[in-house]
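Source file: run.cif (mmCIF, C-alpha atoms)
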data_input
loop_
_atom_site.label_atom_id
_atom_site.label_comp_id
_atom_site.auth_asym_id
_atom_site.auth_seq_id
_atom_site.Cartn_x
_atom_site.Cartn_y
_atom_site.Cartn_z
CA MET A 1 215.07 50.99 241.84
CA ALA A 2 213.68 54.00 243.69
CA VAL A 3 210.56 56.09 243.13
CA ALA A 4 210.26 59.87 243.44
CA PHE A 5 207.09 61.94 243.65
CA THR A 6 207.02 65.26 241.79
CA PHE A 7 204.45 68.03 242.13
CA PRO A 8 203.34 70.40 239.35
CA GLY A 9 203.65 74.16 239.21
CA GLN A 10 201.61 77.02 237.84
CA GLY A 11 200.24 76.39 234.36
CA SER A 12 198.91 72.92 235.23
CA GLN A 13 195.66 74.28 236.66
CA ALA A 14 192.33 73.48 235.02
CA VAL A 15 188.74 74.04 236.11
CA GLY A 16 187.37 70.83 237.59
CA MET A 17 190.73 69.46 238.72
CA GLY A 18 190.56 67.29 241.82
CA LYS A 19 186.75 66.91 241.79
CA ASP A 20 187.03 63.25 240.85
CA LEU A 21 189.30 62.65 243.84
CA ALA A 22 187.02 64.54 246.22
CA ASP A 23 183.99 62.55 245.05
CA ALA A 24 185.77 59.21 245.39
CA PHE A 25 187.67 59.73 248.65
CA PRO A 26 186.36 61.52 251.77
CA GLU A 27 190.00 62.07 252.81
CA ALA A 28 190.64 63.96 249.57
CA ARG A 29 187.51 66.09 250.03
CA LYS A 30 188.72 66.98 253.52
CA VAL A 31 191.86 68.54 252.03
CA PHE A 32 189.74 70.98 250.03
CA GLU A 33 187.72 71.76 253.16
CA GLU A 34 190.94 72.42 255.10
CA VAL A 35 192.18 74.79 252.39
CA ASP A 36 188.83 76.60 252.27
CA ALA A 37 188.93 77.06 256.05
CA ALA A 38 192.55 78.23 256.05
CA LEU A 39 191.88 80.87 253.40
CA GLY A 40 188.45 81.86 254.69
CA GLU A 41 186.82 81.38 251.30
CA LYS A 42 185.43 78.65 249.02
CA LEU A 43 188.51 78.10 246.87
CA SER A 44 187.15 74.62 246.15
CA LYS A 45 184.13 76.14 244.36
CA LEU A 46 186.48 78.17 242.16
CA ILE A 47 188.63 75.09 241.47
CA TRP A 48 185.68 72.96 240.41
CA GLU A 49 183.42 75.54 238.76
CA GLY A 50 185.69 78.37 237.63
CA PRO A 51 185.75 80.84 236.03
CA GLU A 52 189.09 79.89 234.53
CA GLU A 53 190.44 83.46 234.42
CA THR A 54 189.95 83.77 238.19
CA LEU A 55 191.45 80.36 238.93
CA THR A 56 194.49 81.29 236.82
CA LEU A 57 195.30 84.32 238.98
CA THR A 58 198.57 83.59 240.77
CA ALA A 59 197.14 83.99 244.27
CA ASN A 60 194.44 81.40 243.47
CA ALA A 61 196.32 78.98 241.23
CA GLN A 62 199.11 78.38 243.74
CA PRO A 63 197.03 77.13 246.71
CA ALA A 64 194.60 75.44 244.30
CA LEU A 65 197.28 73.28 242.70
CA MET A 66 198.65 72.38 246.13
CA ALA A 67 195.17 71.34 247.26
CA VAL A 68 194.78 68.95 244.34
CA SER A 69 198.21 67.43 244.92
CA LEU A 70 197.53 66.90 248.61
CA ALA A 71 194.10 65.45 247.87
CA ALA A 72 195.84 62.85 245.71
CA ILE A 73 198.31 62.08 248.50
CA ARG A 74 195.52 61.69 251.07
CA ALA A 75 193.64 59.39 248.68
CA LEU A 76 196.71 57.18 248.43
CA GLU A 77 197.19 57.20 252.19
CA ALA A 78 193.54 56.30 252.74
CA ARG A 79 194.27 53.04 250.95
CA GLY A 80 197.31 52.26 253.12
CA PHE A 81 200.06 53.93 251.10
CA SER A 82 203.06 55.26 253.04
CA LEU A 83 205.20 58.00 251.49
CA ARG A 84 208.02 57.20 253.90
CA ASP A 85 208.05 53.53 252.94
CA LYS A 86 207.52 53.78 249.17
CA VAL A 87 209.13 57.04 248.01
CA ALA A 88 212.80 57.98 248.14
CA TYR A 89 212.53 61.70 247.33
CA VAL A 90 210.01 64.43 246.60
CA ALA A 91 210.41 67.56 244.49
CA GLY A 92 208.13 70.17 242.99
CA HIS A 93 208.28 72.71 240.20
CA SER A 94 208.25 76.19 241.76
CA LEU A 95 205.06 76.32 243.89
CA GLY A 96 205.05 72.51 243.60
CA GLU A 97 207.92 72.45 246.06
CA TYR A 98 205.44 73.59 248.73
CA SER A 99 203.09 70.77 247.69
CA ALA A 100 205.96 68.29 247.95
CA LEU A 101 206.86 69.55 251.40
CA ALA A 102 203.25 69.49 252.63
CA ALA A 103 202.93 65.92 251.33
CA ALA A 104 206.03 65.00 253.32
CA GLY A 105 204.75 66.68 256.49
CA PHE A 106 207.11 69.68 256.56
CA VAL A 107 204.10 71.99 257.00
CA SER A 108 200.39 71.40 257.47
CA VAL A 109 197.96 71.67 254.57
CA ALA A 110 196.45 74.79 256.13
CA ASP A 111 199.84 76.47 256.52
CA ALA A 112 200.82 75.48 252.98
CA ALA A 113 197.63 77.10 251.67
CA ARG A 114 198.27 80.31 253.60
CA LEU A 115 201.93 80.38 252.54
CA LEU A 116 201.03 79.95 248.89
CA ARG A 117 198.33 82.63 249.05
CA ALA A 118 200.93 84.97 250.58
CA ARG A 119 203.49 83.91 247.97
CA GLY A 120 201.08 84.52 245.10
CA ASN A 121 200.06 87.95 246.39
CA ALA A 122 203.66 88.93 247.11
CA MET A 123 204.94 87.86 243.71
CA GLN A 124 202.10 89.72 242.00
CA ALA A 125 202.75 92.89 244.00
CA ALA A 126 206.56 92.89 243.71
CA VAL A 127 206.60 94.55 240.27
CA PRO A 128 204.05 97.04 238.87
CA ALA A 129 201.87 95.59 236.14
CA GLY A 130 203.44 95.84 232.71
CA GLU A 131 207.00 96.41 233.92
CA GLY A 132 208.10 92.77 233.98
CA ALA A 133 207.93 89.96 231.45
CA MET A 134 208.88 86.36 230.77
CA ALA A 135 209.68 84.54 227.53
CA ALA A 136 210.16 80.90 226.57
CA ILE A 137 213.23 80.18 224.49
CA ILE A 138 213.09 76.93 222.54
CA GLY A 139 216.02 75.17 220.93
CA LEU A 140 219.01 77.27 222.00
CA GLU A 141 221.96 76.25 224.17
CA GLN A 142 221.91 77.56 227.73
CA ALA A 143 225.21 79.43 227.29
CA ASP A 144 223.76 81.34 224.33
CA VAL A 145 220.63 82.24 226.28
CA GLU A 146 222.77 83.39 229.22
CA ALA A 147 224.79 85.58 226.84
CA ALA A 148 221.66 87.09 225.34
CA CYS A 149 220.31 87.88 228.83
CA THR A 150 223.58 89.54 229.83
CA GLU A 151 223.68 91.60 226.64
CA ALA A 152 220.06 92.66 226.96
CA ALA A 153 220.11 93.53 230.66
CA LYS A 154 222.35 96.59 230.43
CA GLY A 155 222.04 97.38 234.12
CA SER A 156 218.48 96.06 234.27
CA VAL A 157 217.31 92.52 235.13
CA CYS A 158 217.14 89.66 232.65
CA GLN A 159 217.95 86.09 233.67
CA ILE A 160 217.05 82.46 233.16
CA ALA A 161 214.11 81.68 235.43
CA ASN A 162 213.33 78.07 234.48
CA ASP A 163 215.50 75.36 232.97
CA ASN A 164 212.67 73.00 232.05
CA GLY A 165 214.66 70.61 229.87
CA GLY A 166 213.89 69.39 226.40
CA GLY A 167 215.51 72.49 224.97
CA GLN A 168 213.13 74.84 226.82
CA LEU A 169 214.45 77.72 228.89
CA VAL A 170 212.34 80.55 230.33
CA ILE A 171 213.81 84.01 230.84
CA SER A 172 212.46 86.66 233.20
CA GLY A 173 213.06 90.27 234.15
CA ALA A 174 212.33 93.83 233.11
CA LYS A 175 210.07 93.86 230.05
CA PRO A 176 212.35 95.82 227.66
CA ALA A 177 215.31 93.60 228.55
CA VAL A 178 213.33 90.36 228.13
CA GLU A 179 211.96 91.51 224.78
CA LEU A 180 215.47 92.37 223.57
CA ALA A 181 216.90 89.08 224.89
CA ALA A 182 214.16 87.15 223.08
CA LYS A 183 215.08 88.94 219.84
CA LEU A 184 218.77 88.20 220.39
CA CYS A 185 217.99 84.53 221.04
CA THR A 186 216.15 84.34 217.73
CA GLU A 187 219.16 85.87 216.01
CA LYS A 188 221.40 83.30 217.71
CA GLY A 189 219.33 80.47 216.22
CA ALA A 190 216.54 79.72 218.70
CA LYS A 191 213.70 77.75 217.12
CA ARG A 192 211.21 79.92 218.96
CA ALA A 193 211.26 82.87 221.35
CA LEU A 194 207.77 83.29 222.72
CA MET A 195 206.66 86.06 225.08
CA LEU A 196 204.54 84.48 227.84
CA GLN A 197 201.19 85.75 229.10
CA VAL A 198 202.19 86.04 232.75
CA SER A 199 201.37 88.62 235.39
CA ALA A 200 204.87 89.15 236.78
CA PRO A 201 208.56 88.32 236.13
CA PHE A 202 208.73 85.24 238.36
CA HIS A 203 212.03 83.74 239.52
CA SER A 204 214.03 86.87 238.82
CA ALA A 205 215.86 89.39 241.01
CA LEU A 206 212.84 91.68 240.64
CA MET A 207 211.01 89.30 243.01
CA GLN A 208 213.26 90.25 245.96
CA PRO A 209 210.41 92.06 247.81
CA ALA A 210 208.39 88.84 247.61
CA ALA A 211 211.36 86.84 248.90
CA GLU A 212 211.49 89.01 252.02
CA ILE A 213 207.77 88.53 252.61
CA MET A 214 208.19 84.77 252.31
CA ARG A 215 211.13 84.82 254.73
CA GLU A 216 208.83 86.33 257.36
CA ALA A 217 205.90 84.08 256.47
CA LEU A 218 207.99 80.91 256.72
CA ALA A 219 209.42 82.03 260.06
CA GLY A 220 205.89 82.17 261.44
CA VAL A 221 204.77 78.59 260.73
CA ALA A 222 205.52 75.31 262.48
CA LYS A 223 208.05 73.27 260.50
CA ASN A 224 208.85 69.56 260.78
CA SER A 225 211.48 67.30 259.29
CA PRO A 226 209.89 65.87 256.12
CA ALA A 227 209.16 62.15 255.96
CA VAL A 228 211.41 61.91 252.88
CA PRO A 229 214.11 64.31 251.61
CA VAL A 230 213.10 67.12 249.26
CA VAL A 231 215.28 67.92 246.26
CA SER A 232 215.42 71.71 246.09
CA ASN A 233 214.70 73.74 242.96
CA VAL A 234 217.62 76.06 243.57
CA THR A 235 220.36 73.63 244.67
CA VAL A 236 219.30 70.28 243.15
CA THR A 237 220.39 68.52 246.33
CA PRO A 238 218.23 66.67 248.86
CA THR A 239 217.74 67.80 252.43
CA SER A 240 215.52 67.03 255.41
CA ASP A 241 216.68 69.93 257.62
CA PRO A 242 213.72 72.27 258.29
CA ASP A 243 215.79 75.45 258.57
CA GLU A 244 217.67 74.72 255.36
CA ILE A 245 214.43 73.93 253.55
CA ALA A 246 212.98 77.29 254.62
CA ARG A 247 216.10 79.13 253.39
CA ARG A 248 215.87 77.38 250.03
CA LEU A 249 212.21 78.33 249.68
CA VAL A 250 213.15 81.98 250.17
CA GLU A 251 215.95 81.70 247.61
CA GLN A 252 213.55 80.00 245.20
CA VAL A 253 211.46 83.17 244.80
CA THR A 254 214.28 84.93 242.95
CA GLY A 255 216.27 81.85 241.89
CA ARG A 256 216.20 79.52 238.92
CA VAL A 257 213.93 76.47 238.83
CA ARG A 258 216.49 73.85 237.78
CA TRP A 259 214.06 71.17 236.64
CA ARG A 260 216.22 69.60 233.93
CA GLU A 261 218.99 69.10 236.48
CA THR A 262 216.50 67.76 239.01
CA VAL A 263 215.34 64.99 236.66
CA GLU A 264 218.95 64.23 235.75
CA TRP A 265 219.84 64.09 239.46
CA PHE A 266 217.06 61.58 240.07
CA ALA A 267 218.27 59.39 237.21
CA ALA A 268 221.85 59.52 238.49
CA ASN A 269 220.78 58.60 242.02
CA GLY A 270 218.81 55.43 241.43
CA VAL A 271 215.34 56.80 240.72
CA ALA A 272 213.70 54.74 237.99
CA THR A 273 210.15 56.15 238.15
CA LEU A 274 208.80 59.66 238.61
CA TYR A 275 205.15 60.05 239.59
CA GLU A 276 203.50 63.41 238.96
CA VAL A 277 201.09 63.98 241.82
CA GLY A 278 198.25 66.43 241.18
CA ALA A 279 196.84 68.23 238.18
CA GLY A 280 197.98 67.58 234.61
CA LYS A 281 200.96 65.81 233.13
CA VAL A 282 203.33 68.69 232.33
CA LEU A 283 206.18 67.33 234.44
CA SER A 284 205.80 63.85 232.97
CA GLY A 285 206.22 65.27 229.48
CA LEU A 286 209.29 67.23 230.53
CA ALA A 287 210.83 64.17 232.22
CA ARG A 288 210.45 62.07 229.07
CA ARG A 289 212.22 64.73 227.03
CA ILE A 290 215.02 65.03 229.59
CA ASN A 291 215.73 61.32 230.13
CA ARG A 292 213.84 58.61 228.25
CA ASP A 293 215.16 55.95 230.62
CA VAL A 294 213.08 57.35 233.49
CA ALA A 295 209.55 55.96 233.63
CA THR A 296 206.68 58.31 234.49
CA GLY A 297 203.27 57.95 236.08
CA ALA A 298 200.50 60.29 237.19
CA VAL A 299 198.28 60.47 240.26
CA GLY A 300 195.57 63.01 239.53
CA THR A 301 192.33 61.02 239.38
CA ALA A 302 190.67 58.21 241.32
CA ALA A 303 191.66 55.77 238.55
CA ASP A 304 195.27 56.99 238.81
CA VAL A 305 195.21 56.31 242.55
CA GLU A 306 194.17 52.71 241.99
CA ALA A 307 196.80 52.21 239.27
CA ALA A 308 199.56 53.72 241.40
CA LEU A 309 198.64 51.59 244.40
CA ALA A 310 198.83 48.46 242.25
CA ALA A 311 202.16 49.47 240.72
CA LEU A 312 203.72 50.47 244.04
CA ALA A 313 202.43 47.53 246.09
#

Give the structure from the file, written as structure tokens.
Amino acid sequence: MAVAFTFPGQGSQAVGMGKDLADAFPEARKVFEEVDAALGEKLSKLIWEGPEETLTLTANAQPALMAVSLAAIRALEARGFSLRDKVAYVAGHSLGEYSALAAAGFVSVADAARLLRARGNAMQAAVPAGEGAMAAIIGLEQADVEAACTEAAKGSVCQIANDNGGGQLVISGAKPAVELAAKLCTEKGAKRALMLQVSAPFHSALMQPAAEIMREALAGVAKNSPAVPVVSNVTVTPTSDPDEIARRLVEQVTGRVRWRETVEWFAANGVATLYEVGAGKVLSGLARRINRDVATGAVGTAADVEAALAALA
């Protein structure tokens, strides 16, 4: 049975992440040095020392999480691991898709860092502060959430941004519309409708200015066919075509992160184990709620590297 590697998105960041890998593996430390050089600043110092509120800023969290994921990949490779030989597919949650693609050689680590810094800045700047919002809806059918978004939008923007599985959907759009949709979801029987502390309405049509910036940014970097196919957030289908991958990354800025469907696709296509590569274990928890038959593992520390190498030998 096949293995897939998945890569976490924003929200998995934590001060100190990746330091264990950098201390144990020179190849992992080099990733952080490459990212620092690409961005012209010591992002590694922020990752390892904080402060947390600065690390959490979108423009910092995105390249930081990618750096940790790629450090884990380089640590595995330093011990003889081959992504091409051992992994059938890669996928990532939102920004994690860039980490997945960098791991598979679609872009260099330096270009991935610059792309994610541009993505973070563009997404932050797309909507004036306070005008957008996101909310997590727990325990309500997708059709009911869709209906609430449609009713609340009234010519504005309100849509499902993330289908995370386990009964969790995230909606995004103009703040008044999202607040109304959250209220309507509660009235329809949602267990919880929680406004999220985010800086912008990610994965909504309001992000279109950011999508255009990313179209230009992606056009300006060297792109290779990935070593293994990537399963896209927006289509939940695998591809290895560089031009198609770039188009999907542009669509992803305004499109839905279909993570529940991604895990289900893996299960339906022979994947028995999902490894979460990088910081935290958010995706592992989601996978277990989506399909209990899929095994999960994590590669975020030096000990995890050794355990994964033994399991995948």

* Considering all atoms listed in the file, return as JSON, numbers by chain whatever protein or nucleic-acid residues lie within 12 Å of Ala143 (chain A), sequence-local ones (same chain, fewer than 6 positions apart) excluded. => {"A": [149, 150, 159, 160, 163, 169, 185, 188]}

Go through the shown structure with the PyMOL selection byres ((chain A and resi 255) around 8) and write out the matching residues as a JSON list (two decimals) with C-alpha atoms, in the frame of the given file.
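This went into expr-v6.json:
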[["chain", "number", "residue", "atom", "x", "y", "z"],
["A", 161, "ALA", "CA", 214.11, 81.68, 235.43],
["A", 203, "HIS", "CA", 212.03, 83.74, 239.52],
["A", 204, "SER", "CA", 214.03, 86.87, 238.82],
["A", 205, "ALA", "CA", 215.86, 89.39, 241.01],
["A", 234, "VAL", "CA", 217.62, 76.06, 243.57],
["A", 251, "GLU", "CA", 215.95, 81.70, 247.61],
["A", 252, "GLN", "CA", 213.55, 80.00, 245.20],
["A", 253, "VAL", "CA", 211.46, 83.17, 244.80],
["A", 254, "THR", "CA", 214.28, 84.93, 242.95],
["A", 256, "ARG", "CA", 216.20, 79.52, 238.92],
["A", 257, "VAL", "CA", 213.93, 76.47, 238.83]]

* To do: Could you tell me how far CA of Arg79 (chain A) lies from CA of Glu97 (chain A), in Å and to one decimal?
  =>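 Taking CA of Arg79 (chain A) as the start and CA of Glu97 (chain A) as the end point, the length is 24.2 Å.
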
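The coordinates place CA of Glu276 (chain A) at 18.5 Å from CA of Pro226 (chain A).
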
* Using all atoms listed in the file, find the one residue out of A:Ala14, A:Met207, A:Ala100, A:Val3 that sits nearest to Lys281 (chain A). =>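 Of the candidates, the smallest distance to Lys281 (chain A) is held by A:Ala14.
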
* Enumerate, as an NGL selection string, the residues matched when the PyMOL selection byres ((chain A and resi 156) around 12) is run on the file above. => :A and (131-132 or 149-155 or 157-159 or 172-178 or 180-181 or 204-206)

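Near region 236-246 of chain A, within 8 Å and counting only C-alpha atoms, sit Tyr89, Phe106, Arg215, Leu218, Lys223, Asn224, Ser225, Pro226, Val228, Pro229, Val230, Arg258, Glu261, Thr262 and Trp265 of chain A, not including residues fewer than 6 positions from it in the same chain.
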
Using only C-alpha atoms, which protein or nucleic acid residues come within 12 Å of Ala267 (chain A)? Drop anything in the same chain fewer than 2 positions from it, and give the result as a JSON list (two decimals) with C-alpha atoms, in the frame of the given file.
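This is the output file part36.json:
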[["chain", "number", "residue", "atom", "x", "y", "z"],
["A", 1, "MET", "CA", 215.07, 50.99, 241.84],
["A", 2, "ALA", "CA", 213.68, 54.00, 243.69],
["A", 3, "VAL", "CA", 210.56, 56.09, 243.13],
["A", 4, "ALA", "CA", 210.26, 59.87, 243.44],
["A", 89, "TYR", "CA", 212.53, 61.70, 247.33],
["A", 260, "ARG", "CA", 216.22, 69.60, 233.93],
["A", 261, "GLU", "CA", 218.99, 69.10, 236.48],
["A", 262, "THR", "CA", 216.50, 67.76, 239.01],
["A", 263, "VAL", "CA", 215.34, 64.99, 236.66],
["A", 264, "GLU", "CA", 218.95, 64.23, 235.75],
["A", 265, "TRP", "CA", 219.84, 64.09, 239.46],
["A", 269, "ASN", "CA", 220.78, 58.60, 242.02],
["A", 270, "GLY", "CA", 218.81, 55.43, 241.43],
["A", 271, "VAL", "CA", 215.34, 56.80, 240.72],
["A", 272, "ALA", "CA", 213.70, 54.74, 237.99],
["A", 273, "THR", "CA", 210.15, 56.15, 238.15],
["A", 274, "LEU", "CA", 208.80, 59.66, 238.61],
["A", 287, "ALA", "CA", 210.83, 64.17, 232.22],
["A", 288, "ARG", "CA", 210.45, 62.07, 229.07],
["A", 290, "ILE", "CA", 215.02, 65.03, 229.59],
["A", 291, "ASN", "CA", 215.73, 61.32, 230.13],
["A", 292, "ARG", "CA", 213.84, 58.61, 228.25],
["A", 293, "ASP", "CA", 215.16, 55.95, 230.62],
["A", 294, "VAL", "CA", 213.08, 57.35, 233.49],
["A", 295, "ALA", "CA", 209.55, 55.96, 233.63],
["A", 296, "THR", "CA", 206.68, 58.31, 234.49]]

I would like the residues chosen by the PyMOL selection byres ((chain A and resi 189) around 10) on the shown file; could you give them as a tab-separated table (two decimals) with C-alpha atoms, in the coordinates of the input?
chain	number	residue	atom	x	y	z
A	138	ILE	CA	213.09	76.93	222.54
A	139	GLY	CA	216.02	75.17	220.93
A	140	LEU	CA	219.01	77.27	222.00
A	141	GLU	CA	221.96	76.25	224.17
A	144	ASP	CA	223.76	81.34	224.33
A	184	LEU	CA	218.77	88.20	220.39
A	185	CYS	CA	217.99	84.53	221.04
A	186	THR	CA	216.15	84.34	217.73
A	187	GLU	CA	219.16	85.87	216.01
A	188	LYS	CA	221.40	83.30	217.71
A	190	ALA	CA	216.54	79.72	218.70
A	191	LYS	CA	213.70	77.75	217.12
A	192	ARG	CA	211.21	79.92	218.96
A	193	ALA	CA	211.26	82.87	221.35

Grab all the atoms of region 126-143 of chain A that the file lists, wrap them in a box along x, y and z, add 8 Å per side, and give me centre plus edge lengths in Å (one decimal) as JSON.
{"center_x": 213.5, "center_y": 86.1, "center_z": 232.3, "size_x": 39.3, "size_y": 37.9, "size_z": 38.8}

* Asked: How far is it from CA of Glu52 (chain A) to CA of Asp111 (chain A), in Å with one decimal?
  ->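 We find that CA of Glu52 (chain A) and CA of Asp111 (chain A) lie 24.7 Å from each other.
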
For the point (192.3, 76.8, 255.6) in file coordinates, what residues are within 10 Å, counting all atoms listed in the file? Give the answer as a PDB file with C-alpha atoms, in the frame of the given file?
ATOM      1  CA  VAL A  31     191.860  68.540 252.030  1.00  0.00           C
ATOM      2  CA  PHE A  32     189.740  70.980 250.030  1.00  0.00           C
ATOM      3  CA  GLU A  33     187.720  71.760 253.160  1.00  0.00           C
ATOM      4  CA  GLU A  34     190.940  72.420 255.100  1.00  0.00           C
ATOM      5  CA  VAL A  35     192.180  74.790 252.390  1.00  0.00           C
ATOM      6  CA  ASP A  36     188.830  76.600 252.270  1.00  0.00           C
ATOM      7  CA  ALA A  37     188.930  77.060 256.050  1.00  0.00           C
ATOM      8  CA  ALA A  38     192.550  78.230 256.050  1.00  0.00           C
ATOM      9  CA  LEU A  39     191.880  80.870 253.400  1.00  0.00           C
ATOM     10  CA  GLY A  40     188.450  81.860 254.690  1.00  0.00           C
ATOM     11  CA  GLU A  41     186.820  81.380 251.300  1.00  0.00           C
ATOM     12  CA  LYS A  42     185.430  78.650 249.020  1.00  0.00           C
ATOM     13  CA  LEU A  43     188.510  78.100 246.870  1.00  0.00           C
ATOM     14  CA  SER A 108     200.390  71.400 257.470  1.00  0.00           C
ATOM     15  CA  VAL A 109     197.960  71.670 254.570  1.00  0.00           C
ATOM     16  CA  ALA A 110     196.450  74.790 256.130  1.00  0.00           C
ATOM     17  CA  ASP A 111     199.840  76.470 256.520  1.00  0.00           C
ATOM     18  CA  ALA A 112     200.820  75.480 252.980  1.00  0.00           C
ATOM     19  CA  ALA A 113     197.630  77.100 251.670  1.00  0.00           C
ATOM     20  CA  ARG A 114     198.270  80.310 253.600  1.00  0.00           C
TER      21      ARG A 114
END

* Quick one: of A:His93, A:Lys45, A:Arg119, A:Arg29, who's nearest to Gln208 (chain A), counting all atoms listed in the file? ->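 Among the listed residues, A:Arg119 lies closest to Gln208 (chain A).
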
* Asked: Of the candidates A:Leu196, A:Lys30, A:Ala61, A:Gly16, which one gets nearest to Glu49 (chain A) if we count all atoms listed in the file?
  ->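 Comparing A:Leu196, A:Lys30, A:Ala61, A:Gly16 against Glu49 (chain A), the winner is A:Gly16.
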
* So which one's closest to Val282 (chain A), A:Val170, A:Thr54, A:Thr301, A:Trp259? Using all atoms listed in the file, please. ->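 Of A:Val170, A:Thr54, A:Thr301, A:Trp259, the one nearest Val282 (chain A), counting all atoms listed in the file, is A:Trp259.
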
* **Residue nearest Ser199 (chain A) - candidates A:Ser12, A:Ser94, A:Asn162, A:Gln124, atoms counted: all atoms listed in the file** =>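 The shortest atom-to-atom distance to Ser199 (chain A) comes from A:Gln124.
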
* Asked: Which of these, A:Ala103, A:Ala222, A:Ala59, A:Val198, has the shortest distance to Ser82 (chain A) once you count only C-alpha atoms?
  ->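 Going through A:Ala103, A:Ala222, A:Ala59, A:Val198 one by one, the smallest distance to Ser82 (chain A) is for A:Ala103.
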
* To do: With a distance cut-off of 10 Å and only C-alpha atoms, select the neighbouring residues of Leu309 (chain A), excluding the residue or stretch itself and same-chain residues fewer than 2 positions from it, and output the selection as a PyMOL selection string.
  => chain A and resi 76-77+79-81+299+304-307+311-313

N, CA, C and O atoms are what I want for region 10-22 of chain A; can you complete it accordingly and write them as a CSV table (one decimal), keeping the file's coordinate frame?
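Result file is part23.csv:
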chain,number,residue,atom,x,y,z
A,10,GLN,N,202.6,76.2,238.5
A,10,GLN,CA,201.6,77.0,237.8
A,10,GLN,C,201.6,76.8,236.3
A,10,GLN,O,202.7,76.6,235.7
A,11,GLY,N,200.4,76.7,235.8
A,11,GLY,CA,200.2,76.4,234.4
A,11,GLY,C,199.6,75.0,234.2
A,11,GLY,O,199.0,74.7,233.2
A,12,SER,N,199.6,74.2,235.3
A,12,SER,CA,198.9,72.9,235.2
A,12,SER,C,197.5,73.0,235.7
A,12,SER,O,196.7,72.0,235.6
A,13,GLN,N,197.0,74.2,236.1
A,13,GLN,CA,195.7,74.3,236.7
A,13,GLN,C,194.6,74.2,235.5
A,13,GLN,O,194.9,74.5,234.4
A,14,ALA,N,193.5,73.6,235.9
A,14,ALA,CA,192.3,73.5,235.0
A,14,ALA,C,191.1,73.4,235.8
A,14,ALA,O,191.0,72.8,236.9
A,15,VAL,N,190.0,74.1,235.4
A,15,VAL,CA,188.7,74.0,236.1
A,15,VAL,C,188.3,72.6,236.2
A,15,VAL,O,188.3,71.9,235.2
A,16,GLY,N,187.8,72.2,237.4
A,16,GLY,CA,187.4,70.8,237.6
A,16,GLY,C,188.4,69.9,238.2
A,16,GLY,O,188.1,68.8,238.5
A,17,MET,N,189.7,70.3,238.2
A,17,MET,CA,190.7,69.5,238.7
A,17,MET,C,190.4,69.1,240.2
A,17,MET,O,190.0,69.8,241.0
A,18,GLY,N,190.7,67.8,240.5
A,18,GLY,CA,190.6,67.3,241.8
A,18,GLY,C,189.2,66.9,242.2
A,18,GLY,O,189.0,66.2,243.3
A,19,LYS,N,188.1,67.2,241.4
A,19,LYS,CA,186.8,66.9,241.8
A,19,LYS,C,186.5,65.4,241.8
A,19,LYS,O,185.9,64.9,242.7
A,20,ASP,N,187.1,64.7,240.9
A,20,ASP,CA,187.0,63.2,240.8
A,20,ASP,C,187.6,62.6,242.1
A,20,ASP,O,187.0,61.7,242.7
A,21,LEU,N,188.7,63.2,242.6
A,21,LEU,CA,189.3,62.6,243.8
A,21,LEU,C,188.4,62.9,245.0
A,21,LEU,O,188.2,62.1,245.9
A,22,ALA,N,187.9,64.2,245.1
A,22,ALA,CA,187.0,64.5,246.2
A,22,ALA,C,185.7,63.7,246.3
A,22,ALA,O,185.2,63.4,247.4
